[in-house]
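Asker: This is structure-v4.tsv (TSV, C-alpha atoms).
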chain	number	residue	atom	x	y	z
A	1	MET	CA	-16.34	41.29	83.59
A	2	ASP	CA	-19.59	43.28	83.52
A	3	ARG	CA	-21.42	43.68	80.21
A	4	ARG	CA	-24.13	45.99	81.50
A	5	PRO	CA	-24.17	49.31	79.61
A	6	ILE	CA	-22.75	52.66	80.65
A	7	GLY	CA	-25.57	55.19	80.91
A	8	VAL	CA	-25.06	58.70	79.54
A	9	MET	CA	-27.42	61.69	79.79
A	10	ASP	CA	-27.57	65.19	78.35
A	11	SER	CA	-30.13	67.95	77.90
A	12	GLY	CA	-29.99	67.36	74.14
A	13	LEU	CA	-27.49	66.31	71.50
A	14	GLY	CA	-24.34	67.72	73.13
A	15	GLY	CA	-23.73	64.53	75.10
A	16	LEU	CA	-22.96	62.77	71.83
A	17	SER	CA	-19.56	64.51	72.08
A	18	VAL	CA	-18.91	62.43	75.21
A	19	LEU	CA	-20.46	59.32	73.70
A	20	ARG	CA	-18.09	59.34	70.73
A	21	VAL	CA	-15.06	59.56	73.07
A	22	LEU	CA	-16.46	56.71	75.19
A	23	ARG	CA	-16.82	54.58	72.06
A	24	ARG	CA	-13.22	55.29	71.04
A	25	GLU	CA	-11.60	54.88	74.47
A	26	LEU	CA	-13.73	51.97	75.74
A	27	PRO	CA	-14.56	49.97	72.60
A	28	ASP	CA	-15.84	46.91	74.50
A	29	GLU	CA	-18.46	48.85	76.45
A	30	SER	CA	-22.14	49.05	75.49
A	31	LEU	CA	-23.70	52.50	75.83
A	32	LEU	CA	-27.17	53.77	76.70
A	33	PHE	CA	-27.77	57.44	75.90
A	34	VAL	CA	-30.70	59.67	76.88
A	35	GLY	CA	-30.98	63.09	75.25
A	36	ASP	CA	-33.63	65.14	77.07
A	37	GLN	CA	-34.57	67.15	73.99
A	38	GLY	CA	-38.18	67.35	75.14
A	39	HIS	CA	-37.06	69.64	77.98
A	40	PHE	CA	-34.28	71.45	76.12
A	41	PRO	CA	-32.62	73.78	77.06
A	42	TYR	CA	-31.47	73.10	80.63
A	43	GLY	CA	-29.38	76.26	80.75
A	44	THR	CA	-32.36	78.55	81.33
A	45	LYS	CA	-34.11	76.31	83.90
A	46	THR	CA	-33.93	76.55	87.69
A	47	GLN	CA	-31.47	74.34	89.56
A	48	ALA	CA	-34.38	72.48	91.16
A	49	GLU	CA	-35.98	71.71	87.80
A	50	VAL	CA	-32.69	70.45	86.36
A	51	ARG	CA	-32.23	68.21	89.42
A	52	ARG	CA	-35.73	66.77	88.96
A	53	LEU	CA	-35.10	65.96	85.30
A	54	ALA	CA	-31.64	64.51	85.93
A	55	LEU	CA	-32.96	62.26	88.71
A	56	ALA	CA	-35.75	61.00	86.43
A	57	ILE	CA	-33.19	60.12	83.76
A	58	GLY	CA	-30.95	58.49	86.37
A	59	ARG	CA	-33.82	56.28	87.51
A	60	PHE	CA	-34.53	55.34	83.87
A	61	LEU	CA	-30.89	54.33	83.36
A	62	VAL	CA	-30.91	52.22	86.53
A	63	ARG	CA	-34.11	50.46	85.41
A	64	HIS	CA	-32.34	49.67	82.14
A	65	ASP	CA	-29.49	48.05	84.06
A	66	ALA	CA	-26.81	50.72	83.60
A	67	LYS	CA	-23.72	49.99	85.70
A	68	LEU	CA	-22.52	53.62	85.80
A	69	MET	CA	-23.99	57.01	84.88
A	70	VAL	CA	-22.15	59.79	83.09
A	71	VAL	CA	-23.78	63.22	83.44
A	72	ALA	CA	-22.60	64.51	80.06
A	73	CYS	CA	-24.10	67.92	80.73
A	74	ASN	CA	-22.32	70.71	82.57
A	75	THR	CA	-25.58	72.31	83.68
A	76	ALA	CA	-26.88	69.05	85.15
A	77	THR	CA	-23.49	68.29	86.73
A	78	GLY	CA	-23.50	71.65	88.50
A	79	ALA	CA	-27.11	71.36	89.64
A	80	ALA	CA	-27.60	67.67	90.33
A	81	LEU	CA	-24.38	65.64	90.71
A	82	PRO	CA	-24.47	65.30	94.55
A	83	ALA	CA	-28.20	64.49	94.45
A	84	LEU	CA	-27.67	61.82	91.79
A	85	GLN	CA	-24.76	60.28	93.69
A	86	ALA	CA	-26.87	60.12	96.85
A	87	ALA	CA	-30.02	58.74	95.18
A	88	LEU	CA	-28.70	56.15	92.72
A	89	PRO	CA	-27.16	52.74	93.53
A	90	ILE	CA	-24.49	53.08	90.80
A	91	PRO	CA	-21.43	55.34	90.39
A	92	VAL	CA	-22.27	58.75	88.89
A	93	ILE	CA	-19.60	60.87	87.17
A	94	GLY	CA	-19.93	64.48	86.05
A	95	VAL	CA	-17.90	66.56	83.61
A	96	ILE	CA	-16.86	69.63	85.63
A	97	ARG	CA	-13.99	68.37	87.81
A	98	PRO	CA	-12.34	66.40	84.97
A	99	GLY	CA	-12.57	69.49	82.78
A	100	ALA	CA	-11.05	71.69	85.47
A	101	ASN	CA	-8.16	69.25	86.01
A	102	ALA	CA	-7.44	69.19	82.28
A	103	ALA	CA	-7.46	73.00	82.07
A	104	LEU	CA	-4.94	73.31	84.90
A	105	ALA	CA	-2.58	70.66	83.55
A	106	THR	CA	-0.27	73.18	81.85
A	107	ASN	CA	-0.40	75.72	84.72
A	108	PRO	CA	-2.04	78.61	82.84
A	109	ARG	CA	-2.36	81.98	84.54
A	110	THR	CA	-5.72	82.75	82.94
A	111	ILE	CA	-8.55	80.33	82.12
A	112	GLY	CA	-11.76	81.19	80.30
A	113	VAL	CA	-15.00	79.26	80.79
A	114	ILE	CA	-17.97	79.33	78.44
A	115	GLY	CA	-21.19	77.57	79.37
A	116	THR	CA	-24.95	77.86	79.58
A	117	ASP	CA	-26.54	80.64	81.58
A	118	SER	CA	-27.18	78.20	84.43
A	119	THR	CA	-23.63	76.78	84.50
A	120	ILE	CA	-22.04	80.22	84.60
A	121	LYS	CA	-24.51	81.54	87.18
A	122	ASN	CA	-23.93	78.45	89.34
A	123	GLY	CA	-20.17	79.15	89.30
A	124	ALA	CA	-19.26	75.45	89.53
A	125	TYR	CA	-16.22	75.70	87.24
A	126	GLU	CA	-14.86	78.79	88.95
A	127	ARG	CA	-15.25	77.20	92.39
A	128	THR	CA	-13.60	73.97	91.28
A	129	LEU	CA	-10.71	75.75	89.52
A	130	HIS	CA	-10.00	77.91	92.56
A	131	GLU	CA	-10.25	74.89	94.86
A	132	LEU	CA	-7.57	73.17	92.77
A	133	GLN	CA	-5.47	76.28	92.05
A	134	PRO	CA	-6.40	79.37	94.11
A	135	ALA	CA	-4.14	81.75	92.16
A	136	VAL	CA	-5.56	81.13	88.70
A	137	GLN	CA	-7.56	83.93	87.09
A	138	VAL	CA	-10.91	82.80	85.69
A	139	VAL	CA	-12.97	84.67	83.11
A	140	SER	CA	-16.48	83.22	82.77
A	141	GLN	CA	-18.85	83.99	79.90
A	142	PRO	CA	-22.38	82.67	79.30
A	143	ALA	CA	-22.75	81.29	75.78
A	144	GLN	CA	-26.34	80.04	75.76
A	145	PRO	CA	-27.01	80.93	72.07
A	146	LEU	CA	-24.33	78.48	70.93
A	147	VAL	CA	-26.29	75.54	72.32
A	148	SER	CA	-29.14	76.14	69.87
A	149	ILE	CA	-26.68	76.42	66.97
A	150	VAL	CA	-25.61	72.82	67.63
A	151	GLU	CA	-29.12	71.49	68.33
A	152	HIS	CA	-30.35	72.93	65.03
A	153	GLY	CA	-27.51	71.41	63.00
A	154	GLN	CA	-25.92	74.74	62.05
A	155	THR	CA	-22.29	73.87	62.86
A	156	GLY	CA	-19.89	74.74	60.05
A	157	THR	CA	-22.06	77.58	58.75
A	158	SER	CA	-21.48	81.32	58.56
A	159	ALA	CA	-24.32	81.75	61.08
A	160	ALA	CA	-22.38	79.59	63.53
A	161	GLN	CA	-19.22	81.67	63.10
A	162	GLN	CA	-21.14	84.91	63.54
A	163	ALA	CA	-22.75	83.61	66.74
A	164	VAL	CA	-19.37	82.46	68.11
A	165	ASP	CA	-17.71	85.77	67.22
A	166	LYS	CA	-20.41	87.71	69.07
A	167	VAL	CA	-20.51	85.53	72.19
A	168	LEU	CA	-16.72	85.38	72.59
A	169	GLN	CA	-16.14	89.11	72.12
A	170	CYS	CA	-15.26	89.48	75.81
A	171	PHE	CA	-12.10	87.41	75.34
A	172	VAL	CA	-10.72	90.06	72.98
A	173	THR	CA	-10.51	92.56	75.86
A	174	GLN	CA	-9.87	89.86	78.50
A	175	PRO	CA	-7.56	87.37	76.74
A	176	VAL	CA	-7.05	83.91	78.22
A	177	GLU	CA	-4.48	81.18	77.68
A	178	THR	CA	-6.91	78.28	78.02
A	179	LEU	CA	-10.65	78.03	77.36
A	180	ILE	CA	-12.90	75.36	78.88
A	181	LEU	CA	-15.74	74.36	76.61
A	182	GLY	CA	-18.12	74.17	79.56
A	183	CYS	CA	-21.05	72.65	77.69
A	184	THR	CA	-20.94	69.34	75.84
A	185	HIS	CA	-22.48	71.04	72.80
A	186	PHE	CA	-19.49	73.32	72.34
A	187	PRO	CA	-16.88	70.82	71.08
A	188	PHE	CA	-18.96	70.63	67.90
A	189	LEU	CA	-18.11	74.34	67.44
A	190	SER	CA	-14.40	74.01	68.25
A	191	ARG	CA	-13.34	75.04	64.76
A	192	GLU	CA	-15.33	78.27	64.93
A	193	ILE	CA	-14.17	78.95	68.50
A	194	GLN	CA	-10.50	78.37	67.66
A	195	ARG	CA	-10.83	80.64	64.63
A	196	ARG	CA	-12.23	83.41	66.84
A	197	LEU	CA	-9.66	83.14	69.62
A	198	GLY	CA	-6.60	82.25	67.56
A	199	PRO	CA	-4.27	79.24	67.58
A	200	SER	CA	-2.46	80.20	70.79
A	201	VAL	CA	-5.51	79.57	73.00
A	202	ARG	CA	-5.77	75.98	74.22
A	203	LEU	CA	-9.32	74.59	74.06
A	204	ILE	CA	-10.37	72.08	76.72
A	205	ASP	CA	-13.05	69.53	75.88
A	206	PRO	CA	-13.91	67.90	79.25
A	207	ALA	CA	-15.09	64.75	77.44
A	208	TYR	CA	-11.67	63.08	77.21
A	209	GLU	CA	-10.79	63.60	80.88
A	210	THR	CA	-14.29	62.51	81.91
A	211	VAL	CA	-13.89	59.27	79.99
A	212	GLN	CA	-10.52	58.64	81.66
A	213	THR	CA	-12.32	58.99	85.01
A	214	VAL	CA	-14.97	56.53	83.83
A	215	LYS	CA	-12.26	54.08	82.80
A	216	GLN	CA	-10.57	54.36	86.20
A	217	VAL	CA	-13.81	53.84	88.14
A	218	LEU	CA	-14.77	50.81	86.05
A	219	THR	CA	-11.28	49.35	86.56
A	220	ASP	CA	-11.26	49.98	90.31
A	221	LYS	CA	-14.71	48.45	90.76
A	222	HIS	CA	-14.05	45.51	88.40
A	223	LEU	CA	-16.88	46.59	86.08
A	224	LEU	CA	-15.05	46.59	82.73
A	225	ALA	CA	-16.66	44.64	79.89
A	226	ALA	CA	-13.43	43.23	78.48
A	227	GLY	CA	-13.98	41.30	75.28
A	228	GLY	CA	-17.57	42.44	74.96
A	229	GLN	CA	-19.37	43.51	71.80
A	230	GLN	CA	-20.23	47.20	71.90
A	231	ARG	CA	-23.86	48.19	71.36
A	232	THR	CA	-25.22	51.72	71.40
A	233	ALA	CA	-28.85	52.45	72.21
A	234	LEU	CA	-30.16	56.02	71.96
A	235	TYR	CA	-33.27	57.50	73.60
A	236	THR	CA	-34.85	60.93	73.41
A	237	THR	CA	-37.69	62.68	75.19
A	238	GLY	CA	-38.17	64.77	72.04
A	239	ARG	CA	-38.34	64.02	68.33
A	240	ILE	CA	-36.62	60.79	67.28
A	241	ALA	CA	-35.75	62.33	63.90
A	242	ASP	CA	-33.70	65.08	65.60
A	243	LEU	CA	-31.66	62.56	67.60
A	244	GLN	CA	-31.17	60.39	64.54
A	245	ALA	CA	-29.89	63.37	62.55
A	246	GLY	CA	-27.35	64.19	65.27
A	247	ALA	CA	-26.27	60.57	65.65
A	248	ASP	CA	-25.93	60.13	61.90
A	249	LYS	CA	-23.72	63.24	61.78
A	250	TRP	CA	-21.57	62.75	64.90
A	251	LEU	CA	-21.61	58.97	65.41
A	252	ALA	CA	-21.51	58.17	61.69
A	253	GLY	CA	-24.86	56.42	62.07
A	254	ASP	CA	-23.28	53.65	64.13
A	255	TYR	CA	-26.00	52.71	66.64
A	256	GLU	CA	-28.44	49.84	67.05
A	257	GLN	CA	-31.50	51.60	68.44
A	258	CYS	CA	-33.05	55.07	68.52
A	259	SER	CA	-36.29	55.33	70.51
A	260	SER	CA	-38.46	57.78	72.41
A	261	VAL	CA	-38.90	57.73	76.19
A	262	LYS	CA	-41.13	59.43	78.75
A	263	LEU	CA	-39.64	60.32	82.10
A	264	ASP	CA	-41.23	59.67	85.51
A	265	GLY	CA	-44.11	62.01	86.25
A	266	GLU	CA	-45.01	62.72	82.62
Give the structure from the file, written as structure tokens.
Answerer:
Amino acid sequence: MDRRPIGVMDSGLGGLSVLRVLRRELPDESLLFVGDQGHFPYGTKTQAEVRRLALAIGRFLVRHDAKLMVVACNTATGAALPALQAALPIPVIGVIRPGANAALATNPRTIGVIGTDSTIKNGAYERTLHELQPAVQVVSQPAQPLVSIVEHGQTGTSAAQQAVDKVLQCFVTQPVETLILGCTHFPFLSREIQRRLGPSVRLIDPAYETVQTVKQVLTDKHLLAAGGQQRTALYTTGRIADLQAGADKWLAGDYEQCSSVKLDGE
């Protein structure tokens, strides 16, 4: 039994979508979340800059005794996962391969991917999907404006629906059977996205499959905190009030600590 926390990082509030699945699926585990809102957004940064920020957060999590790191950010997974796995002394899990596996589970012929500018430009989902299933057709679409909709608490508004309708216009002329929500912010817009694409399109939130991978790694390495009391500590490099607002909305205010943090080199 290992009661050290699971560390989770994101460029902002989107990683809370992974955190809430972790809390549901692994109720005995304590969680340590870092939202890098002070450097938001990652999707318009260079790969090298995203790697630098992700490594700084990884080192922070290790110093705070995390037993495993979840990169709950598609952009950071695409840019920094191998570097994090090489540099840190703990297991590091990203969200791209679990999301790709989930999308292919029902053998669709066409899969759409929406993500930040960086994630789409990097092509990590398309590469992974074709590695797993060479014949699948992939339609990728950058959806950077939707990230700000979530960060600014505009989900459920007419402005959110208008933004979704505009960004997803390409899927009207290039219809898909399955759509990967390739940014952890996007599950908070799933209602608007489903409304735009229609009920026949299957939406894939990589969070659930990522958490199943976490559960398997913890089991294999005998790191589960069976019988523990879950605690959730939240950190931000930006404004505490912004993180608190997101956590109150999406975690129902169920956390013990919400603090600010400065990363290495700042």
Asker: Got a sec: who's within 12 Å of region 190-195 of chain A, counting only C-alpha atoms, leaving out chain neighbours fewer than 6 positions off, as a ChimeraX atom specification?
Answerer: /A:17,114,143,146,149-150,154-169,171,178-184,201-205
Asker: Which polymer residues, whether protein, DNA or RNA, lie within 10 Å of the coordinate (-29.6, 71.5, 66.6) when you count all atoms listed in the file? List them as a PyMOL selection string, using the chain letters and numbers from the file.
Answerer: chain A and resi 12-14+37+146-155+185+242-243+245-246
Asker: Using C-alpha atoms, can you export the residues from the last selection as a short mmCIF file (atom, residue, chain, number, x, y, z; two decimals), keeping the file's coordinate frame?
Answerer:
data_model
loop_
_atom_site.label_atom_id
_atom_site.label_comp_id
_atom_site.auth_asym_id
_atom_site.auth_seq_id
_atom_site.Cartn_x
_atom_site.Cartn_y
_atom_site.Cartn_z
CA GLY A 12 -29.99 67.36 74.14
CA LEU A 13 -27.49 66.31 71.50
CA GLY A 14 -24.34 67.72 73.13
CA GLN A 37 -34.57 67.15 73.99
CA LEU A 146 -24.33 78.48 70.93
CA VAL A 147 -26.29 75.54 72.32
CA SER A 148 -29.14 76.14 69.87
CA ILE A 149 -26.68 76.42 66.97
CA VAL A 150 -25.61 72.82 67.63
CA GLU A 151 -29.12 71.49 68.33
CA HIS A 152 -30.35 72.93 65.03
CA GLY A 153 -27.51 71.41 63.00
CA GLN A 154 -25.92 74.74 62.05
CA THR A 155 -22.29 73.87 62.86
CA HIS A 185 -22.48 71.04 72.80
CA ASP A 242 -33.70 65.08 65.60
CA LEU A 243 -31.66 62.56 67.60
CA ALA A 245 -29.89 63.37 62.55
CA GLY A 246 -27.35 64.19 65.27
#
Asker: So what do you get for CA of Val261 (chain A) versus CA of Asp10 (chain A), distance-wise?
Answerer: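 Between CA of Val261 (chain A) and CA of Asp10 (chain A) the gap works out to 13.7 Å.
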Asker: One decimal, in Å: what's the spacing between CA of Ile96 (chain A) and CA of Thr219 (chain A)?
Answerer: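 Spanning CA of Ile96 (chain A) to CA of Thr219 (chain A) is a straight-line distance of 21.1 Å.
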Asker: Measuring atom to atom with only C-alpha atoms, identify which of A:Gln244, A:Thr210, A:Thr236, A:Asn101 is nearest to Ser260 (chain A).
Answerer: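 Closest residue, counting only C-alpha atoms: A:Thr236.
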Asker: Need to verify the contact set: region 227-232 of chain A, 10 Å, all atoms listed in the file, exclusion of same-chain residues closer than 3 positions in sequence. Can you return it as a PyMOL selection string?
Answerer: chain A and resi 1-6+19+23+26-33+224+254-258
Asker: How would region 154-165 of chain A read, as a short mmCIF file (atom, residue, chain, number, x, y, z; two decimals), in the coordinates of the input, once all heavy atoms are built in?
Answerer:
data_model
loop_
_atom_site.label_atom_id
_atom_site.label_comp_id
_atom_site.auth_asym_id
_atom_site.auth_seq_id
_atom_site.Cartn_x
_atom_site.Cartn_y
_atom_site.Cartn_z
N GLN A 154 -26.50 73.63 62.79
CA GLN A 154 -25.92 74.74 62.05
C GLN A 154 -24.40 74.84 62.18
O GLN A 154 -23.81 75.83 61.76
CB GLN A 154 -26.54 76.06 62.51
CG GLN A 154 -28.02 76.18 62.19
CD GLN A 154 -28.62 77.48 62.72
OE1 GLN A 154 -28.50 77.80 63.89
NE2 GLN A 154 -29.25 78.22 61.83
N THR A 155 -23.76 73.82 62.76
CA THR A 155 -22.29 73.87 62.86
C THR A 155 -21.68 73.92 61.46
O THR A 155 -22.21 73.35 60.51
CB THR A 155 -21.76 72.64 63.61
OG1 THR A 155 -22.22 71.45 62.93
CG2 THR A 155 -22.26 72.61 65.04
N GLY A 156 -20.56 74.64 61.34
CA GLY A 156 -19.89 74.74 60.05
C GLY A 156 -20.47 75.78 59.12
O GLY A 156 -20.03 75.87 57.97
N THR A 157 -21.42 76.56 59.59
CA THR A 157 -22.06 77.58 58.75
C THR A 157 -21.57 78.98 59.12
O THR A 157 -20.98 79.19 60.19
CB THR A 157 -23.59 77.53 58.90
OG1 THR A 157 -23.93 77.93 60.24
CG2 THR A 157 -24.12 76.13 58.64
N SER A 158 -21.85 79.94 58.25
CA SER A 158 -21.48 81.32 58.56
C SER A 158 -22.27 81.84 59.75
O SER A 158 -21.76 82.65 60.54
CB SER A 158 -21.72 82.21 57.34
OG SER A 158 -23.09 82.17 56.94
N ALA A 159 -23.51 81.35 59.92
CA ALA A 159 -24.32 81.75 61.08
C ALA A 159 -23.66 81.30 62.38
O ALA A 159 -23.67 82.02 63.38
CB ALA A 159 -25.73 81.17 60.97
N ALA A 160 -23.08 80.10 62.35
CA ALA A 160 -22.38 79.59 63.53
C ALA A 160 -21.18 80.47 63.86
O ALA A 160 -20.95 80.83 65.02
CB ALA A 160 -21.94 78.15 63.31
N GLN A 161 -20.39 80.83 62.85
CA GLN A 161 -19.22 81.67 63.10
C GLN A 161 -19.61 83.04 63.62
O GLN A 161 -18.98 83.58 64.54
CB GLN A 161 -18.41 81.81 61.81
CG GLN A 161 -17.06 82.49 62.02
CD GLN A 161 -16.12 81.66 62.88
OE1 GLN A 161 -15.77 80.53 62.52
NE2 GLN A 161 -15.72 82.19 64.03
N GLN A 162 -20.68 83.60 63.08
CA GLN A 162 -21.14 84.91 63.54
C GLN A 162 -21.57 84.85 65.00
O GLN A 162 -21.28 85.75 65.79
CB GLN A 162 -22.28 85.40 62.65
CG GLN A 162 -21.84 85.79 61.25
CD GLN A 162 -23.01 86.04 60.31
OE1 GLN A 162 -24.17 86.13 60.75
NE2 GLN A 162 -22.73 86.14 59.02
N ALA A 163 -22.29 83.77 65.35
CA ALA A 163 -22.75 83.61 66.74
C ALA A 163 -21.56 83.46 67.69
O ALA A 163 -21.52 84.06 68.77
CB ALA A 163 -23.68 82.41 66.86
N VAL A 164 -20.58 82.65 67.30
CA VAL A 164 -19.37 82.46 68.11
C VAL A 164 -18.62 83.78 68.27
O VAL A 164 -18.20 84.15 69.37
CB VAL A 164 -18.47 81.38 67.48
CG1 VAL A 164 -17.08 81.40 68.10
CG2 VAL A 164 -19.09 80.00 67.64
N ASP A 165 -18.44 84.50 67.17
CA ASP A 165 -17.71 85.77 67.22
C ASP A 165 -18.36 86.74 68.20
O ASP A 165 -17.68 87.44 68.96
CB ASP A 165 -17.66 86.40 65.83
CG ASP A 165 -16.76 85.64 64.88
OD1 ASP A 165 -16.04 84.73 65.33
OD2 ASP A 165 -16.79 85.93 63.67
#
